[in-house]
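Text of protein.cif, listed as mmCIF, C-alpha atoms:
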```cif
data_upload
loop_
_atom_site.label_atom_id
_atom_site.label_comp_id
_atom_site.auth_asym_id
_atom_site.auth_seq_id
_atom_site.Cartn_x
_atom_site.Cartn_y
_atom_site.Cartn_z
CA MET A 311 0.00 0.00 0.00
CA ALA A 312 1.32 3.44 -0.97
CA LYS A 313 2.29 5.63 1.93
CA GLU A 314 -0.25 8.38 2.56
CA ASN A 315 1.11 11.90 2.34
CA VAL A 316 -0.24 13.51 5.48
CA HIS A 317 1.04 16.92 4.32
CA LYS A 318 -0.71 16.83 0.95
CA ASP A 319 -3.44 19.33 1.83
CA HIS A 320 -0.95 21.69 3.47
CA ARG A 321 1.28 21.61 0.43
CA SER A 322 -1.70 22.26 -1.83
CA ARG A 323 -2.61 25.31 0.24
CA VAL A 324 0.94 26.65 0.07
CA ARG A 325 1.06 26.18 -3.70
CA LYS A 326 -2.28 27.96 -4.05
CA LYS A 327 -1.01 30.84 -1.89
CA TYR A 328 2.02 31.18 -4.15
CA LEU A 329 0.04 31.05 -7.40
CA GLU A 330 -2.46 33.62 -6.16
CA ASN A 331 -0.18 36.03 -4.28
CA GLY A 332 3.39 35.33 -5.38
CA LEU A 333 6.45 34.69 -3.25
CA ASP A 334 6.43 38.24 -1.83
CA SER A 335 3.59 37.13 0.43
CA PHE A 336 5.82 34.50 2.07
CA GLU A 337 8.06 34.76 5.10
CA MET A 338 11.62 33.53 4.55
CA HIS A 339 10.98 30.21 6.27
CA GLU A 340 7.81 29.72 4.20
CA ALA A 341 9.70 30.32 0.95
CA LEU A 342 12.35 27.79 1.91
CA GLU A 343 9.68 25.35 3.08
CA PHE A 344 7.94 25.69 -0.29
CA LEU A 345 11.16 25.04 -2.20
CA LEU A 346 11.87 21.97 -0.09
CA PHE A 347 8.51 20.48 -1.13
CA TYR A 348 10.14 19.47 -4.41
CA CYS A 349 13.00 17.45 -2.96
CA VAL A 350 11.68 16.31 0.44
CA PRO A 351 8.62 14.03 0.14
CA TYR A 352 6.48 12.85 3.02
CA LYS A 353 8.01 15.18 5.59
CA ASN A 354 7.15 18.40 7.37
CA THR A 355 9.47 20.78 5.55
CA SER A 356 8.46 23.69 7.77
CA VAL A 357 10.50 22.25 10.62
CA LEU A 358 13.42 21.55 8.27
CA ALA A 359 13.26 25.10 6.86
CA HIS A 360 13.34 26.63 10.36
CA ASN A 361 16.24 24.39 11.36
CA LEU A 362 18.24 25.35 8.25
CA LEU A 363 17.66 29.06 8.81
CA ASN A 364 18.61 28.77 12.47
CA ALA A 365 21.74 26.80 11.62
CA PHE A 366 23.04 29.02 8.79
CA GLY A 367 21.53 32.38 9.74
CA SER A 368 19.54 33.46 6.68
CA LEU A 369 18.00 32.23 3.43
CA SER A 370 20.93 33.49 1.35
CA ALA A 371 23.36 31.86 3.79
CA VAL A 372 21.56 28.53 3.33
CA PHE A 373 21.96 28.82 -0.45
CA ASP A 374 25.60 29.93 -0.11
CA ALA A 375 26.53 27.23 2.39
CA PRO A 376 29.14 24.72 1.17
CA TYR A 377 27.68 21.55 -0.27
CA ASP A 378 29.48 19.43 2.34
CA ALA A 379 28.06 21.56 5.15
CA LEU A 380 24.52 21.00 3.89
CA CYS A 381 25.12 17.25 3.71
CA GLU A 382 26.64 17.26 7.20
CA PHE A 383 23.51 19.06 8.39
CA GLY A 384 21.56 15.99 7.30
CA LEU A 385 20.35 16.79 3.79
CA THR A 386 20.58 14.18 1.05
CA GLU A 387 22.79 14.76 -1.98
CA THR A 388 19.71 15.65 -4.04
CA GLN A 389 18.44 18.13 -1.45
CA ALA A 390 21.83 19.79 -0.98
CA THR A 391 22.32 20.04 -4.75
CA MET A 392 18.94 21.71 -5.21
CA LEU A 393 19.75 24.37 -2.63
CA LYS A 394 23.17 24.99 -4.20
CA LEU A 395 21.46 25.35 -7.58
CA MET A 396 19.34 28.32 -6.53
CA PRO A 397 21.96 31.15 -6.79
CA ASP A 398 23.18 29.80 -10.13
CA ILE A 399 19.66 29.65 -11.53
CA ALA A 400 19.03 33.20 -10.26
CA ARG A 401 22.19 34.44 -11.99
CA LEU A 402 21.36 32.69 -15.27
CA TYR A 403 17.82 34.08 -15.19
CA ILE A 404 18.98 37.66 -14.64
CA ASP A 405 21.70 37.36 -17.29
CA ASP A 406 19.28 35.99 -19.86
CA LYS A 407 16.62 38.58 -19.07
CA HIS A 408 18.96 41.55 -19.37
CA ASN A 409 21.38 40.48 -22.10
CA ASN A 410 21.05 42.64 -25.20
CA TYR A 411 24.04 42.45 -27.49
CA GLU A 412 22.57 45.03 -29.88
CA LYS A 413 22.59 47.74 -27.24
CA VAL A 414 25.55 50.03 -26.63
CA PHE A 415 27.16 49.12 -23.32
CA ASP A 416 26.23 51.55 -20.56
CA TYR A 417 29.36 52.07 -18.46
CA ASP A 418 27.30 53.64 -15.66
CA GLN A 419 25.39 50.37 -15.34
CA ALA A 420 28.58 48.26 -15.25
CA PRO A 421 28.65 47.79 -11.45
CA ASP A 422 25.09 46.42 -11.42
CA LEU A 423 25.85 44.09 -14.32
CA ILE A 424 29.05 42.86 -12.70
CA LEU A 425 27.42 42.28 -9.31
CA ARG A 426 24.80 40.11 -11.01
CA LYS A 427 27.53 38.08 -12.69
CA PHE A 428 29.01 37.14 -9.32
CA ILE A 429 25.79 35.98 -7.65
CA GLY A 430 26.47 32.68 -5.94
CA ARG A 431 30.16 32.50 -6.88
CA GLU A 432 32.10 31.28 -3.86
CA ASN A 433 35.64 31.13 -5.26
CA GLU A 434 37.72 33.91 -6.73
CA GLN A 435 37.00 34.29 -10.44
CA VAL A 436 37.82 36.68 -13.27
CA LEU A 437 35.14 38.22 -15.49
CA LEU A 438 35.96 39.72 -18.89
CA ILE A 439 33.70 42.08 -20.84
CA LEU A 440 34.66 42.97 -24.42
CA LEU A 441 33.20 45.81 -26.50
CA ASP A 442 33.42 46.45 -30.23
CA ALA A 443 34.26 49.73 -31.97
CA LYS A 444 30.67 50.95 -31.48
CA GLY A 445 30.71 50.18 -27.78
CA LYS A 446 28.47 47.12 -28.07
CA GLU A 447 29.12 44.10 -25.90
CA VAL A 448 30.57 41.21 -27.91
CA PHE A 449 31.63 38.96 -25.03
CA CYS A 450 30.94 38.68 -21.32
CA GLY A 451 32.08 35.65 -19.37
CA ILE A 452 34.25 34.09 -16.70
CA VAL A 453 37.77 33.46 -18.02
CA SER A 454 39.45 32.14 -14.88
CA LYS A 455 38.43 30.28 -11.74
CA GLY A 456 40.76 30.16 -8.76
CA SER A 457 40.82 28.86 -5.24
CA LEU A 458 39.03 30.60 -2.38
CA ASN A 459 41.84 33.11 -1.86
CA ASP A 460 43.85 33.12 -5.05
CA THR A 461 43.52 33.25 -8.81
CA SER A 462 46.01 33.96 -11.56
CA MET A 463 44.99 36.53 -14.15
CA PRO A 464 44.98 34.73 -17.53
CA ILE A 465 46.57 37.53 -19.55
CA ARG A 466 47.22 35.43 -22.65
CA LYS A 467 43.64 34.12 -22.60
CA ILE A 468 42.29 37.68 -22.28
CA VAL A 469 44.34 38.77 -25.28
CA ASP A 470 43.20 35.74 -27.28
CA PHE A 471 39.53 36.51 -26.54
CA ALA A 472 40.02 40.17 -27.49
CA LEU A 473 41.51 39.16 -30.84
CA ARG A 474 38.86 36.51 -31.48
CA PHE A 475 36.00 38.95 -30.92
CA ASN A 476 37.73 41.86 -32.65
CA ALA A 477 37.30 43.93 -29.50
CA LYS A 478 38.34 47.56 -29.16
CA SER A 479 37.94 47.93 -25.41
CA ALA A 480 37.72 45.70 -22.38
CA ILE A 481 36.55 45.68 -18.77
CA LEU A 482 37.83 43.29 -16.12
CA ALA A 483 36.30 42.28 -12.82
CA HIS A 484 37.21 39.78 -10.14
CA ASN A 485 35.79 38.99 -6.75
CA HIS A 486 37.30 38.92 -3.28
CA PRO A 487 35.52 36.13 -1.36
CA SER A 488 37.09 37.55 1.80
CA GLY A 489 34.48 40.31 1.65
CA VAL A 490 36.95 43.22 1.31
CA ALA A 491 36.67 45.14 -1.97
CA LEU A 492 39.90 47.13 -1.59
CA PRO A 493 42.50 46.39 -4.28
CA SER A 494 45.72 44.69 -3.25
CA ARG A 495 49.15 45.57 -4.66
CA ASP A 496 48.91 42.40 -6.75
CA ASP A 497 45.60 43.66 -8.17
CA LEU A 498 47.21 46.93 -9.22
CA GLU A 499 50.30 45.29 -10.73
CA THR A 500 48.24 42.69 -12.58
CA THR A 501 45.95 45.41 -13.95
CA ALA A 502 49.00 47.24 -15.33
CA HIS A 503 50.23 44.03 -17.00
CA VAL A 504 46.84 43.33 -18.59
CA LYS A 505 46.56 46.93 -19.76
CA SER A 506 49.98 46.79 -21.41
CA ALA A 507 49.23 43.47 -23.13
CA LEU A 508 45.92 44.76 -24.50
CA ASN A 509 47.54 48.01 -25.68
CA LEU A 510 49.85 45.96 -27.89
CA ILE A 511 46.85 44.72 -29.90
CA GLY A 512 45.01 48.06 -29.92
CA VAL A 513 42.51 47.27 -27.18
CA ARG A 514 41.91 49.78 -24.37
CA LEU A 515 41.32 48.53 -20.84
CA LEU A 516 38.53 50.77 -19.57
CA ASP A 517 38.34 49.55 -16.00
CA HIS A 518 38.97 46.78 -13.51
CA PHE A 519 36.29 46.22 -10.88
CA ILE A 520 36.67 44.39 -7.59
CA VAL A 521 33.57 42.71 -6.17
CA ALA A 522 33.01 41.81 -2.53
CA ASP A 523 29.58 41.09 -1.06
CA ASN A 524 27.39 43.87 -2.50
CA GLU A 525 30.25 46.25 -3.26
CA CYS A 526 31.76 46.84 -6.69
CA VAL A 527 34.85 49.07 -6.62
CA SER A 528 36.17 50.67 -9.81
CA LEU A 529 39.96 50.95 -10.00
CA ALA A 530 39.63 53.52 -12.78
CA GLN A 531 37.59 55.86 -10.60
CA SER A 532 39.44 55.26 -7.34
CA ARG A 533 42.15 57.60 -6.12
CA ILE A 534 43.63 55.24 -3.59
CA SER A 535 47.20 56.00 -4.65
CA SER A 536 49.19 57.77 -7.33
CA GLU A 537 50.28 54.35 -8.61
CA LEU A 538 46.66 53.41 -9.25
CA PHE A 539 46.03 56.73 -10.99
CA ASP A 540 49.08 56.26 -13.19
CA ILE A 541 47.77 52.92 -14.43
CA TYR A 542 44.90 54.72 -16.10
CA ASN A 543 46.60 57.95 -17.02
CA ASP A 544 47.92 57.41 -20.56
#
```

Final structure tokens representation of the file:
Amino acid sequence: MAKENVHKDHRSRVRKKYLENGLDSFEMHEALEFLLFYCVPYKNTSVLAHNLLNAFGSLSAVFDAPYDALCEFGLTETQATMLKLMPDIARLYIDDKHNNYEKVFDYDQAPDLILRKFIGRENEQVLLILLDAKGKEVFCGIVSKGSLNDTSMPIRKIVDFALRFNAKSAILAHNHPSGVALPSRDDLETTAHVKSALNLIGVRLLDHFIVADNECVSLAQSRISSELFDIYND
């Protein structure tokens, strides 16, 4: 005999609430409970949602928690994978919704675009944006993935991409998982090396952004030191 789902009516009511009022009508624990419906059968996911939020501190912290930590908490591989999938799905959705390669790139909107690109990324990574002669975006993607605290800037790869897409200008960005958006001396020196390499093929490096949490710092607009200013003062 099939096991009766004692939470069936409750789950139906929650789904109806969502379809009629949207997720904005949910508390954080209710939203997580609702998501867990689809990977936790025959169980009160409200208790599990509360326990996850209490253990990790917030909904975003649950999604950002390491896969191993979620499994150690007691989730199955399927359940932990689904939670880890959420930030990546959010980033793909936003990218797809806002991508418009026929539109001239709006430099003023660059920080917002770059912050979206780093949603859910736990390790240090390098983002490259390439623009054509008319200022239209011809490439935007991650070109290097490093460890939690270190990544090497792939200068040759950046040059190769710029040549392949016939770019005339470029923007770099990388994240600091430590949560501090201030540039290090290595950041400044690496930026100078990338700028010089791109200059050799007629591509101008417009900026290098550093992302940490919800901050996006522009090296081109910063006046942290004369060395930093000199990098961008042709």

Exercise. Check the smallest atom-to-atom distance from each of A:Ser488, A:Phe344, A:Met338, A:Met463 to Lys326 of chain A using only C-alpha atoms, then report the winner.
Key: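 Of all the options, A:Phe344 lies closest to Lys326 of chain A.
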
Quiz prompt | Result set, the PyMOL selection byres ((chain A and resi 476) around 12) on current file, as a ChimeraX atom specification | solution = /A:440-449,469-475,477-480,508,511-513

Suppose we keep C-alpha atoms; can you now write the selection as a PDB file, keeping the file's coordinate frame?
```pdb
ATOM      1  CA  LEU A 440      34.660  42.970 -24.420  1.00  0.00           C
ATOM      2  CA  LEU A 441      33.200  45.810 -26.500  1.00  0.00           C
ATOM      3  CA  ASP A 442      33.420  46.450 -30.230  1.00  0.00           C
ATOM      4  CA  ALA A 443      34.260  49.730 -31.970  1.00  0.00           C
ATOM      5  CA  LYS A 444      30.670  50.950 -31.480  1.00  0.00           C
ATOM      6  CA  GLY A 445      30.710  50.180 -27.780  1.00  0.00           C
ATOM      7  CA  LYS A 446      28.470  47.120 -28.070  1.00  0.00           C
ATOM      8  CA  GLU A 447      29.120  44.100 -25.900  1.00  0.00           C
ATOM      9  CA  VAL A 448      30.570  41.210 -27.910  1.00  0.00           C
ATOM     10  CA  PHE A 449      31.630  38.960 -25.030  1.00  0.00           C
ATOM     11  CA  VAL A 469      44.340  38.770 -25.280  1.00  0.00           C
ATOM     12  CA  ASP A 470      43.200  35.740 -27.280  1.00  0.00           C
ATOM     13  CA  PHE A 471      39.530  36.510 -26.540  1.00  0.00           C
ATOM     14  CA  ALA A 472      40.020  40.170 -27.490  1.00  0.00           C
ATOM     15  CA  LEU A 473      41.510  39.160 -30.840  1.00  0.00           C
ATOM     16  CA  ARG A 474      38.860  36.510 -31.480  1.00  0.00           C
ATOM     17  CA  PHE A 475      36.000  38.950 -30.920  1.00  0.00           C
ATOM     18  CA  ALA A 477      37.300  43.930 -29.500  1.00  0.00           C
ATOM     19  CA  LYS A 478      38.340  47.560 -29.160  1.00  0.00           C
ATOM     20  CA  SER A 479      37.940  47.930 -25.410  1.00  0.00           C
ATOM     21  CA  ALA A 480      37.720  45.700 -22.380  1.00  0.00           C
ATOM     22  CA  LEU A 508      45.920  44.760 -24.500  1.00  0.00           C
ATOM     23  CA  ILE A 511      46.850  44.720 -29.900  1.00  0.00           C
ATOM     24  CA  GLY A 512      45.010  48.060 -29.920  1.00  0.00           C
ATOM     25  CA  VAL A 513      42.510  47.270 -27.180  1.00  0.00           C
TER      26      VAL A 513
END
```

Self-check item: Proximity to Ala365 of chain A - best of A:Phe415, A:Tyr352, A:Phe383, A:Tyr377, only C-alpha atoms
Solution: A:Phe383

Practice problem: Find the residue from A:Ile481, A:Ser506, A:Glu499, A:Lys394 that sits nearest to Tyr417 of chain A; use all atoms listed in the file when measuring. | Solution: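 Using all atoms listed in the file, Tyr417 of chain A sits closest to A:Ile481.
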
Practice problem: Can you work out the spacing between atom CA of Pro493 of chain A and atom CA of Phe373 of chain A in Å, to one decimal? | Solution: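 These two atoms are separated by 27.3 Å.
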
Quiz item: Restricting the calculation to all atoms listed in the file, which member of A:Cys450, A:Leu369, A:Leu498, A:Ala375 is positioned closest to Leu438 of chain A?
Solution: A:Cys450

Quiz item: Hey, can you check how far atom CA of Leu358 of chain A sits from atom CA of Gly332 of chain A?
Solution: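 Taking atom CA of Leu358 of chain A as the start and atom CA of Gly332 of chain A as the end point, the length is 21.8 Å.
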
Could you write out as AutoDock Vina command-line options the box around segment 412-428 of chain A (axis-aligned, all atoms listed in the file, 5 Å on each side), with centre and edge lengths in Å to one decimal?
```
--center_x 26.0 --center_y 45.4 --center_z -19.6 --size_x 16.8 --size_y 26.5 --size_z 30.6
```

Exercise. Identify which of the residues A:Glu343, A:Asp406, A:Asp497, A:Asp523 lies closest to Ile429 of chain A, counting all atoms listed in the file when measuring atom-to-atom distances.
Key: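 For Ile429 of chain A, the nearest of the given residues is A:Asp523.
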
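By chain and then residue number, the residues within 10 Å of Leu402 of chain A are A:Met396, A:Pro397, A:Lys407, A:Arg426, A:Lys427, A:Ile429, counting only C-alpha atoms and disregarding those fewer than 5 positions away in sequence.
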
Self-check item: Distance criterion (all atoms listed in the file): nearest to Leu342 of chain A out of A:Leu425, A:Tyr328, A:Asn354, A:Leu362
Solution: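 Among the listed residues, the smallest separation from Leu342 of chain A belongs to A:Leu362.
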
Exercise. With only C-alpha atoms counted, which protein, DNA or RNA residues have an atom no more than 12 Å from (34.6, 32.4, -2.2) in the file frame? Please answer as number ranges by chain.
Key: A: 374-376, 428-435, 455-461, 484-490, 521-523

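Here atom CA of Glu525 of chain A is placed at a distance of 13.7 Å from atom CA of Gln419 of chain A.
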
Exercise. Give as a count of residues only the set of residues within 12 Å of the point (9.4, 27.5, 0.6), where distances use the file's coordinates and all atoms listed in the file.
Key: 35
